[in-house]
>>> print(open('my_file28.txt').read())   # compact mmCIF, N, CA and C atoms
# COMPACT_ATOMS: atom_id res chain seq x y z
N MET C 1 10.85 66.74 -16.64
CA MET C 1 11.92 65.81 -16.96
C MET C 1 11.33 64.68 -17.82
N ALA C 2 11.95 64.39 -18.91
CA ALA C 2 11.47 63.35 -19.82
C ALA C 2 11.75 61.97 -19.24
N ALA C 3 10.83 61.05 -19.50
CA ALA C 3 11.02 59.67 -19.04
C ALA C 3 12.11 59.02 -19.89
N PRO C 4 12.89 58.09 -19.30
CA PRO C 4 13.93 57.42 -20.09
C PRO C 4 13.30 56.57 -21.18
N ARG C 5 14.01 56.47 -22.29
CA ARG C 5 13.55 55.61 -23.38
C ARG C 5 13.64 54.17 -22.96
N ARG C 6 12.61 53.41 -23.22
CA ARG C 6 12.60 51.99 -22.89
C ARG C 6 12.39 51.19 -24.17
N GLU C 7 12.99 50.03 -24.18
CA GLU C 7 12.79 49.16 -25.33
C GLU C 7 11.43 48.49 -25.23
N GLY C 8 10.83 48.24 -26.37
CA GLY C 8 9.59 47.49 -26.37
C GLY C 8 9.83 46.04 -26.00
N THR C 9 8.76 45.36 -25.66
CA THR C 9 8.86 43.97 -25.22
C THR C 9 9.52 43.07 -26.26
N PRO C 10 9.18 43.14 -27.54
CA PRO C 10 9.84 42.26 -28.51
C PRO C 10 11.36 42.49 -28.57
N ALA C 11 11.78 43.75 -28.54
CA ALA C 11 13.22 44.02 -28.58
C ALA C 11 13.91 43.50 -27.34
N LEU C 12 13.29 43.69 -26.18
CA LEU C 12 13.85 43.21 -24.93
C LEU C 12 13.92 41.68 -24.93
N ALA C 13 12.86 41.03 -25.36
CA ALA C 13 12.84 39.57 -25.42
C ALA C 13 13.93 39.06 -26.34
N SER C 14 14.14 39.75 -27.45
CA SER C 14 15.18 39.35 -28.39
C SER C 14 16.56 39.48 -27.75
N ARG C 15 16.79 40.58 -27.01
CA ARG C 15 18.08 40.77 -26.34
C ARG C 15 18.31 39.71 -25.28
N VAL C 16 17.27 39.37 -24.52
CA VAL C 16 17.41 38.33 -23.50
C VAL C 16 17.72 37.00 -24.16
N SER C 17 17.05 36.69 -25.26
CA SER C 17 17.32 35.44 -25.97
C SER C 17 18.76 35.38 -26.46
N ARG C 18 19.25 36.49 -27.02
CA ARG C 18 20.64 36.52 -27.49
C ARG C 18 21.61 36.38 -26.32
N ALA C 19 21.34 37.07 -25.23
CA ALA C 19 22.26 37.06 -24.09
C ALA C 19 22.29 35.70 -23.40
N THR C 20 21.16 35.00 -23.41
CA THR C 20 21.10 33.72 -22.70
C THR C 20 21.34 32.54 -23.62
N GLY C 21 21.36 32.78 -24.92
CA GLY C 21 21.55 31.67 -25.84
C GLY C 21 20.29 30.85 -26.05
N THR C 22 19.13 31.43 -25.71
CA THR C 22 17.87 30.73 -25.91
C THR C 22 17.19 31.32 -27.13
N SER C 23 16.48 30.50 -27.85
CA SER C 23 15.83 30.99 -29.06
C SER C 23 14.46 31.55 -28.77
N GLY C 24 13.82 31.07 -27.70
CA GLY C 24 12.48 31.52 -27.39
C GLY C 24 11.44 30.87 -28.27
N GLY C 25 11.84 30.22 -29.35
CA GLY C 25 10.90 29.59 -30.25
C GLY C 25 10.47 28.22 -29.74
N GLY C 26 9.18 27.94 -29.85
CA GLY C 26 8.67 26.63 -29.49
C GLY C 26 8.50 26.38 -28.00
N ARG C 27 8.96 27.28 -27.16
CA ARG C 27 8.81 27.11 -25.72
C ARG C 27 7.87 28.16 -25.19
N ALA C 28 6.88 27.72 -24.43
CA ALA C 28 5.95 28.67 -23.84
C ALA C 28 6.64 29.44 -22.73
N SER C 29 6.22 30.67 -22.53
CA SER C 29 6.77 31.50 -21.46
C SER C 29 6.43 30.87 -20.12
N PRO C 30 7.40 30.84 -19.18
CA PRO C 30 7.13 30.26 -17.87
C PRO C 30 6.34 31.19 -16.97
N LEU C 31 5.99 32.37 -17.47
CA LEU C 31 5.28 33.35 -16.65
C LEU C 31 3.78 33.22 -16.84
N PRO C 32 2.97 33.41 -15.85
CA PRO C 32 3.32 33.71 -14.47
C PRO C 32 3.83 32.46 -13.75
N LEU C 33 4.67 32.69 -12.76
CA LEU C 33 5.27 31.59 -12.01
C LEU C 33 4.32 31.07 -10.95
N ALA C 34 4.41 29.78 -10.69
CA ALA C 34 3.68 29.20 -9.56
C ALA C 34 4.31 29.73 -8.28
N THR C 35 3.54 29.86 -7.23
CA THR C 35 4.04 30.40 -5.97
C THR C 35 5.24 29.63 -5.45
N SER C 36 5.21 28.31 -5.53
CA SER C 36 6.33 27.51 -5.03
C SER C 36 7.60 27.77 -5.85
N VAL C 37 7.45 27.94 -7.14
CA VAL C 37 8.60 28.23 -8.00
C VAL C 37 9.13 29.62 -7.68
N ARG C 38 8.23 30.58 -7.50
CA ARG C 38 8.63 31.95 -7.17
C ARG C 38 9.45 31.99 -5.90
N ARG C 39 9.08 31.18 -4.91
CA ARG C 39 9.83 31.14 -3.65
C ARG C 39 11.24 30.59 -3.85
N VAL C 40 11.36 29.53 -4.64
CA VAL C 40 12.69 28.95 -4.90
C VAL C 40 13.55 29.94 -5.67
N VAL C 41 12.98 30.60 -6.66
CA VAL C 41 13.73 31.59 -7.44
C VAL C 41 14.19 32.72 -6.53
N ALA C 42 13.32 33.19 -5.64
CA ALA C 42 13.70 34.26 -4.71
C ALA C 42 14.85 33.81 -3.82
N LEU C 43 14.80 32.58 -3.34
CA LEU C 43 15.89 32.04 -2.51
C LEU C 43 17.20 32.02 -3.31
N GLN C 44 17.13 31.53 -4.54
CA GLN C 44 18.34 31.46 -5.37
C GLN C 44 18.91 32.84 -5.66
N LEU C 45 18.05 33.81 -5.91
CA LEU C 45 18.54 35.17 -6.15
C LEU C 45 19.16 35.76 -4.89
N ARG C 46 18.57 35.48 -3.73
CA ARG C 46 19.18 35.96 -2.47
C ARG C 46 20.56 35.36 -2.28
N VAL C 47 20.69 34.06 -2.54
CA VAL C 47 21.98 33.39 -2.38
C VAL C 47 23.00 33.95 -3.37
N LEU C 48 22.56 34.30 -4.57
CA LEU C 48 23.47 34.87 -5.57
C LEU C 48 23.80 36.33 -5.28
N GLY C 49 23.24 36.89 -4.22
CA GLY C 49 23.44 38.29 -3.89
C GLY C 49 24.76 38.59 -3.21
N HIS C 50 25.73 37.73 -3.32
CA HIS C 50 27.05 37.97 -2.74
C HIS C 50 28.09 37.89 -3.87
N PRO C 51 28.97 38.89 -3.99
CA PRO C 51 29.94 38.90 -5.10
C PRO C 51 30.82 37.65 -5.18
N VAL C 52 31.18 37.08 -4.04
CA VAL C 52 32.03 35.87 -4.07
C VAL C 52 31.24 34.70 -4.66
N ARG C 53 29.96 34.63 -4.38
CA ARG C 53 29.14 33.53 -4.93
C ARG C 53 28.94 33.70 -6.42
N VAL C 54 28.80 34.93 -6.87
CA VAL C 54 28.71 35.19 -8.32
C VAL C 54 30.02 34.76 -8.98
N GLN C 55 31.14 35.10 -8.36
CA GLN C 55 32.44 34.70 -8.90
C GLN C 55 32.60 33.18 -8.89
N ALA C 56 32.08 32.52 -7.86
CA ALA C 56 32.13 31.06 -7.81
C ALA C 56 31.34 30.45 -8.96
N ILE C 57 30.17 31.01 -9.24
CA ILE C 57 29.36 30.52 -10.37
C ILE C 57 30.13 30.71 -11.67
N GLU C 58 30.79 31.85 -11.82
CA GLU C 58 31.61 32.10 -13.02
C GLU C 58 32.68 31.01 -13.17
N GLN C 59 33.36 30.69 -12.09
CA GLN C 59 34.41 29.66 -12.11
C GLN C 59 33.82 28.29 -12.42
N LEU C 60 32.70 27.96 -11.79
CA LEU C 60 32.10 26.64 -11.97
C LEU C 60 31.46 26.47 -13.35
N ALA C 61 31.18 27.58 -14.03
CA ALA C 61 30.66 27.49 -15.40
C ALA C 61 31.69 26.87 -16.33
N ARG C 62 32.96 26.89 -15.91
CA ARG C 62 34.05 26.29 -16.70
C ARG C 62 34.24 24.82 -16.39
N GLY C 63 33.52 24.30 -15.38
CA GLY C 63 33.62 22.89 -15.01
C GLY C 63 33.73 22.73 -13.51
N GLY C 64 33.50 21.49 -13.05
CA GLY C 64 33.55 21.18 -11.63
C GLY C 64 34.91 21.47 -11.03
N ARG C 65 34.91 21.86 -9.78
CA ARG C 65 36.15 22.19 -9.07
C ARG C 65 36.07 21.70 -7.63
N THR C 66 37.23 21.42 -7.06
CA THR C 66 37.29 21.11 -5.63
C THR C 66 37.25 22.41 -4.84
N VAL C 67 37.00 22.30 -3.55
CA VAL C 67 37.00 23.48 -2.69
C VAL C 67 38.34 24.19 -2.76
N GLU C 68 39.42 23.42 -2.73
CA GLU C 68 40.76 24.01 -2.75
C GLU C 68 41.03 24.74 -4.06
N GLU C 69 40.61 24.16 -5.19
CA GLU C 69 40.80 24.81 -6.48
C GLU C 69 40.02 26.12 -6.54
N LEU C 70 38.79 26.08 -6.05
CA LEU C 70 37.98 27.29 -6.05
C LEU C 70 38.54 28.34 -5.10
N ALA C 71 39.00 27.92 -3.93
CA ALA C 71 39.56 28.86 -2.96
C ALA C 71 40.71 29.64 -3.59
N LYS C 72 41.57 28.93 -4.30
CA LYS C 72 42.70 29.57 -4.96
C LYS C 72 42.22 30.56 -6.02
N ALA C 73 41.25 30.14 -6.84
CA ALA C 73 40.73 31.00 -7.90
C ALA C 73 40.01 32.22 -7.34
N LEU C 74 39.34 32.05 -6.19
CA LEU C 74 38.57 33.14 -5.60
C LEU C 74 39.42 34.04 -4.71
N GLY C 75 40.59 33.55 -4.32
CA GLY C 75 41.46 34.34 -3.46
C GLY C 75 40.99 34.41 -2.02
N ILE C 76 40.29 33.36 -1.56
CA ILE C 76 39.83 33.31 -0.17
C ILE C 76 40.20 31.96 0.42
N THR C 77 40.02 31.79 1.71
CA THR C 77 40.40 30.54 2.37
C THR C 77 39.48 29.40 1.97
N PRO C 78 39.95 28.16 2.05
CA PRO C 78 39.07 27.02 1.79
C PRO C 78 37.85 26.99 2.71
N ASN C 79 38.02 27.41 3.96
CA ASN C 79 36.90 27.43 4.90
C ASN C 79 35.82 28.41 4.44
N ALA C 80 36.23 29.61 4.03
CA ALA C 80 35.27 30.59 3.53
C ALA C 80 34.63 30.10 2.23
N THR C 81 35.42 29.47 1.38
CA THR C 81 34.90 28.92 0.12
C THR C 81 33.83 27.87 0.40
N SER C 82 34.10 26.98 1.34
CA SER C 82 33.13 25.93 1.71
C SER C 82 31.81 26.53 2.15
N LYS C 83 31.87 27.59 2.93
CA LYS C 83 30.63 28.23 3.41
C LYS C 83 29.82 28.78 2.24
N HIS C 84 30.49 29.44 1.31
CA HIS C 84 29.78 29.97 0.14
C HIS C 84 29.20 28.85 -0.72
N LEU C 85 29.98 27.79 -0.93
CA LEU C 85 29.51 26.67 -1.73
C LEU C 85 28.33 25.97 -1.07
N ARG C 86 28.36 25.87 0.24
CA ARG C 86 27.26 25.24 0.98
C ARG C 86 25.96 26.00 0.73
N GLU C 87 26.03 27.33 0.73
CA GLU C 87 24.83 28.14 0.47
C GLU C 87 24.31 27.92 -0.95
N LEU C 88 25.22 27.91 -1.91
CA LEU C 88 24.82 27.68 -3.30
C LEU C 88 24.24 26.28 -3.48
N TYR C 89 24.83 25.31 -2.79
CA TYR C 89 24.34 23.92 -2.87
C TYR C 89 22.95 23.80 -2.26
N ARG C 90 22.76 24.39 -1.09
CA ARG C 90 21.45 24.34 -0.41
C ARG C 90 20.35 25.00 -1.23
N ALA C 91 20.72 26.00 -2.03
CA ALA C 91 19.75 26.69 -2.88
C ALA C 91 19.45 25.89 -4.15
N GLY C 92 20.13 24.76 -4.34
CA GLY C 92 19.88 23.91 -5.49
C GLY C 92 20.62 24.31 -6.75
N LEU C 93 21.61 25.19 -6.61
CA LEU C 93 22.34 25.67 -7.78
C LEU C 93 23.54 24.80 -8.14
N LEU C 94 24.02 24.00 -7.18
CA LEU C 94 25.22 23.19 -7.40
C LEU C 94 24.96 21.72 -7.12
N TRP C 95 25.79 20.86 -7.74
CA TRP C 95 25.88 19.46 -7.33
C TRP C 95 27.15 19.33 -6.51
N ARG C 96 27.20 18.26 -5.72
CA ARG C 96 28.37 18.02 -4.87
C ARG C 96 28.70 16.54 -4.94
N ARG C 97 29.98 16.23 -5.13
CA ARG C 97 30.42 14.83 -5.18
C ARG C 97 31.64 14.69 -4.28
N GLN C 98 31.58 13.72 -3.40
CA GLN C 98 32.71 13.46 -2.50
C GLN C 98 33.74 12.63 -3.24
N GLU C 99 35.00 13.06 -3.19
CA GLU C 99 36.12 12.35 -3.82
C GLU C 99 37.18 12.12 -2.74
N GLY C 100 37.04 11.03 -2.01
CA GLY C 100 37.95 10.79 -0.89
C GLY C 100 37.70 11.82 0.19
N ASN C 101 38.75 12.57 0.56
CA ASN C 101 38.63 13.61 1.58
C ASN C 101 38.18 14.95 1.00
N ARG C 102 38.01 15.03 -0.29
CA ARG C 102 37.68 16.30 -0.94
C ARG C 102 36.28 16.27 -1.54
N ALA C 103 35.70 17.44 -1.62
CA ALA C 103 34.40 17.58 -2.27
C ALA C 103 34.59 18.35 -3.56
N ARG C 104 33.93 17.89 -4.60
CA ARG C 104 33.96 18.58 -5.90
C ARG C 104 32.56 19.12 -6.13
N TYR C 105 32.51 20.37 -6.57
CA TYR C 105 31.24 21.04 -6.84
C TYR C 105 31.16 21.42 -8.32
N GLY C 106 29.93 21.50 -8.82
CA GLY C 106 29.68 21.95 -10.18
C GLY C 106 28.28 22.52 -10.29
N LEU C 107 27.99 23.14 -11.40
CA LEU C 107 26.66 23.73 -11.62
C LEU C 107 25.63 22.65 -11.91
N GLN C 108 24.47 22.73 -11.26
CA GLN C 108 23.37 21.81 -11.56
C GLN C 108 22.96 21.95 -13.02
N ASP C 109 22.85 23.18 -13.47
CA ASP C 109 22.61 23.49 -14.88
C ASP C 109 23.19 24.88 -15.12
N THR C 110 23.05 25.38 -16.30
CA THR C 110 23.70 26.66 -16.64
C THR C 110 22.79 27.86 -16.41
N ALA C 111 21.62 27.66 -15.83
CA ALA C 111 20.67 28.77 -15.66
C ALA C 111 21.25 29.91 -14.84
N ALA C 112 21.91 29.61 -13.73
CA ALA C 112 22.46 30.67 -12.89
C ALA C 112 23.55 31.44 -13.64
N ALA C 113 24.40 30.72 -14.36
CA ALA C 113 25.46 31.38 -15.14
C ALA C 113 24.85 32.25 -16.24
N ARG C 114 23.80 31.76 -16.90
CA ARG C 114 23.15 32.56 -17.95
C ARG C 114 22.51 33.81 -17.35
N ALA C 115 21.88 33.67 -16.18
CA ALA C 115 21.27 34.83 -15.52
C ALA C 115 22.32 35.88 -15.19
N ILE C 116 23.46 35.43 -14.70
CA ILE C 116 24.56 36.35 -14.37
C ILE C 116 25.05 37.06 -15.63
N ILE C 117 25.15 36.33 -16.74
CA ILE C 117 25.58 36.93 -18.01
C ILE C 117 24.59 38.01 -18.44
N VAL C 118 23.29 37.72 -18.36
CA VAL C 118 22.28 38.70 -18.75
C VAL C 118 22.39 39.95 -17.89
N LEU C 119 22.51 39.78 -16.58
CA LEU C 119 22.61 40.93 -15.68
C LEU C 119 23.90 41.71 -15.90
N ALA C 120 24.99 41.00 -16.14
CA ALA C 120 26.27 41.67 -16.37
C ALA C 120 26.23 42.48 -17.66
N ARG C 121 25.69 41.92 -18.71
CA ARG C 121 25.60 42.65 -19.99
C ARG C 121 24.71 43.88 -19.85
N SER C 122 23.60 43.72 -19.14
CA SER C 122 22.70 44.84 -18.92
C SER C 122 23.40 45.94 -18.14
N THR C 123 24.16 45.57 -17.12
CA THR C 123 24.91 46.53 -16.32
C THR C 123 25.94 47.25 -17.17
N GLU C 124 26.67 46.50 -17.99
CA GLU C 124 27.67 47.11 -18.86
C GLU C 124 27.03 48.10 -19.84
N GLU C 125 25.88 47.74 -20.39
CA GLU C 125 25.20 48.62 -21.33
C GLU C 125 24.74 49.91 -20.65
N ARG C 126 24.25 49.80 -19.42
CA ARG C 126 23.79 50.99 -18.70
C ARG C 126 24.95 51.90 -18.34
N ARG C 127 26.13 51.36 -18.21
CA ARG C 127 27.30 52.18 -17.83
C ARG C 127 27.91 52.91 -19.03
N ARG C 128 27.59 52.48 -20.24
CA ARG C 128 28.11 53.15 -21.43
C ARG C 128 27.41 54.49 -21.61
N PRO C 129 28.16 55.50 -22.08
CA PRO C 129 27.50 56.78 -22.38
C PRO C 129 26.44 56.58 -23.45
N ARG C 130 25.31 57.20 -23.25
CA ARG C 130 24.21 57.05 -24.20
C ARG C 130 24.41 57.98 -25.39
N GLN C 131 24.11 57.45 -26.57
CA GLN C 131 24.18 58.23 -27.80
C GLN C 131 22.76 58.67 -28.15
N PRO C 132 22.61 59.86 -28.74
CA PRO C 132 21.28 60.28 -29.18
C PRO C 132 20.75 59.28 -30.21
N PRO C 133 19.46 58.99 -30.19
CA PRO C 133 18.89 58.07 -31.18
C PRO C 133 19.11 58.58 -32.59
N SER C 134 19.41 57.68 -33.50
CA SER C 134 19.67 58.07 -34.89
C SER C 134 18.38 58.32 -35.65
N ASP C 135 17.24 57.96 -35.06
CA ASP C 135 15.96 58.13 -35.75
C ASP C 135 15.34 59.51 -35.50
N GLY C 136 16.11 60.43 -34.90
CA GLY C 136 15.60 61.77 -34.66
C GLY C 136 14.77 61.87 -33.41
N GLY C 137 14.72 60.81 -32.61
CA GLY C 137 13.97 60.83 -31.36
C GLY C 137 14.61 61.77 -30.37
N PRO C 138 13.99 61.92 -29.22
CA PRO C 138 14.52 62.86 -28.22
C PRO C 138 15.86 62.38 -27.68
N PRO C 139 16.77 63.33 -27.40
CA PRO C 139 18.07 62.96 -26.83
C PRO C 139 17.90 62.53 -25.38
N PRO C 140 18.94 61.92 -24.80
CA PRO C 140 18.87 61.54 -23.39
C PRO C 140 18.61 62.77 -22.53
N PRO C 141 18.02 62.59 -21.33
CA PRO C 141 17.75 63.74 -20.46
C PRO C 141 19.01 64.52 -20.15
N ALA C 142 18.88 65.83 -20.01
CA ALA C 142 20.02 66.69 -19.68
C ALA C 142 20.60 66.27 -18.35
N GLY C 143 21.92 66.28 -18.25
CA GLY C 143 22.59 65.91 -17.01
C GLY C 143 22.70 64.42 -16.81
N SER C 144 22.21 63.64 -17.79
CA SER C 144 22.29 62.19 -17.69
C SER C 144 23.71 61.74 -17.93
N SER C 145 24.21 60.89 -17.04
CA SER C 145 25.58 60.40 -17.20
C SER C 145 25.59 59.07 -17.92
N GLY C 146 24.42 58.57 -18.33
CA GLY C 146 24.37 57.28 -19.03
C GLY C 146 24.36 56.11 -18.09
N ARG C 147 24.20 56.35 -16.79
CA ARG C 147 24.19 55.24 -15.83
C ARG C 147 22.83 54.98 -15.30
>>> encode(input="my_file28.txt", output="structure tokens")
Amino acid sequence: MAAPRREGTPALASRVSRATGTSGGGRASPLPLATSVRRVVALQLRVLGHPVRVQAIEQLARGGRTVEELAKALGITPNATSKHLRELYRAGLLWRRQEGNRARYGLQDTAAARAIIVLARSTEERRRPRQPPSDGGPPPPAGSSGR
């Protein structure tokens, strides 16, 4: 069985830059990560591992929202929304501002939203049927569904 075709590092880096809106120019790579940073990133990825929290990040990328506004947009109760927002806040992904009896939440920065965009685009690309390379390279493996 032939190994799947993989993009080279420059092509992959270029795709990530386009997907995230970063140029990559003038900024040193943050890799390798310090152990403390790696732990925080792992925590944030674990917290983002719930579809409702990903949807909340999508909504908050459009601007700050109250718990009630988010609950309506997410189609869940305000109590359930608060629990999800609390997890995102504790992971350092959100800011929180009290407005009287209500709390308004927003994204600390756009990094989580950009990461979700990169992963979503990658997922969409993997789900598309693969076309044989135009350069005469080997076709996709037999029986491959493109996923």
>>> closest_residue(input="my_file28.txt", among="C:Trp95, C:Leu88, C:Arg130, C:Pro30", to="Val47 (chain C)", atoms="only N, CA and C atoms")
C:Leu88
>>> atom_distance(input="my_file28.txt", atom1="CA of Ala103 (chain C)", atom2="CA of Ala61 (chain C)")
16.9 Å
>>> closest_residue(input="my_file28.txt", among="C:Ile57, C:Leu85, C:Ala73, C:Ala91", to="Gln44 (chain C)", atoms="all atoms listed in the file")
C:Ala91
>>> atom_distance(input="my_file28.txt", atom1="CA of Thr81 (chain C)", atom2="CA of Gly63 (chain C)")
16.3 Å
>>> atom_distance(input="my_file28.txt", atom1="CA of Glu69 (chain C)", atom2="atom N of Lys83 (chain C)")
13.3 Å
>>> select_by_dssp(input="my_file28.txt", residues="region 18-138 of chain C", states="strand (DSSP E)", output="list in words")
Arg65, Thr66, Leu94, Trp95, Arg96, Arg97, Gln98, Glu99, Arg102, Ala103, Arg104, Tyr105, Gly106 and Leu107 of chain C
>>> closest_residue(input="my_file28.txt", among="C:Ile76, C:Val54, C:Val67, C:Leu33", to="Ile116 (chain C)", atoms="all atoms listed in the file")
C:Val54
>>> decode(input="my_file28.txt", residues="region 112-123 of chain C", atoms="C-alpha atoms", output="PDB file, in the first residue's frame")
ATOM      1  CA  ALA C 112      -8.440  30.198  19.473  1.00  0.00           C
ATOM      2  CA  ALA C 113     -10.705  31.322  16.620  1.00  0.00           C
ATOM      3  CA  ARG C 114      -7.788  31.170  14.156  1.00  0.00           C
ATOM      4  CA  ALA C 115      -6.867  27.667  15.370  1.00  0.00           C
ATOM      5  CA  ILE C 116     -10.468  26.534  14.858  1.00  0.00           C
ATOM      6  CA  ILE C 117     -10.438  28.009  11.333  1.00  0.00           C
ATOM      7  CA  VAL C 118      -7.212  26.147  10.479  1.00  0.00           C
ATOM      8  CA  LEU C 119      -8.595  22.848  11.798  1.00  0.00           C
ATOM      9  CA  ALA C 120     -11.948  23.342  10.080  1.00  0.00           C
ATOM     10  CA  ARG C 121     -10.346  24.096   6.709  1.00  0.00           C
ATOM     11  CA  SER C 122      -8.053  21.096   7.058  1.00  0.00           C
ATOM     12  CA  THR C 123     -11.049  18.887   7.876  1.00  0.00           C
TER      13      THR C 123
END
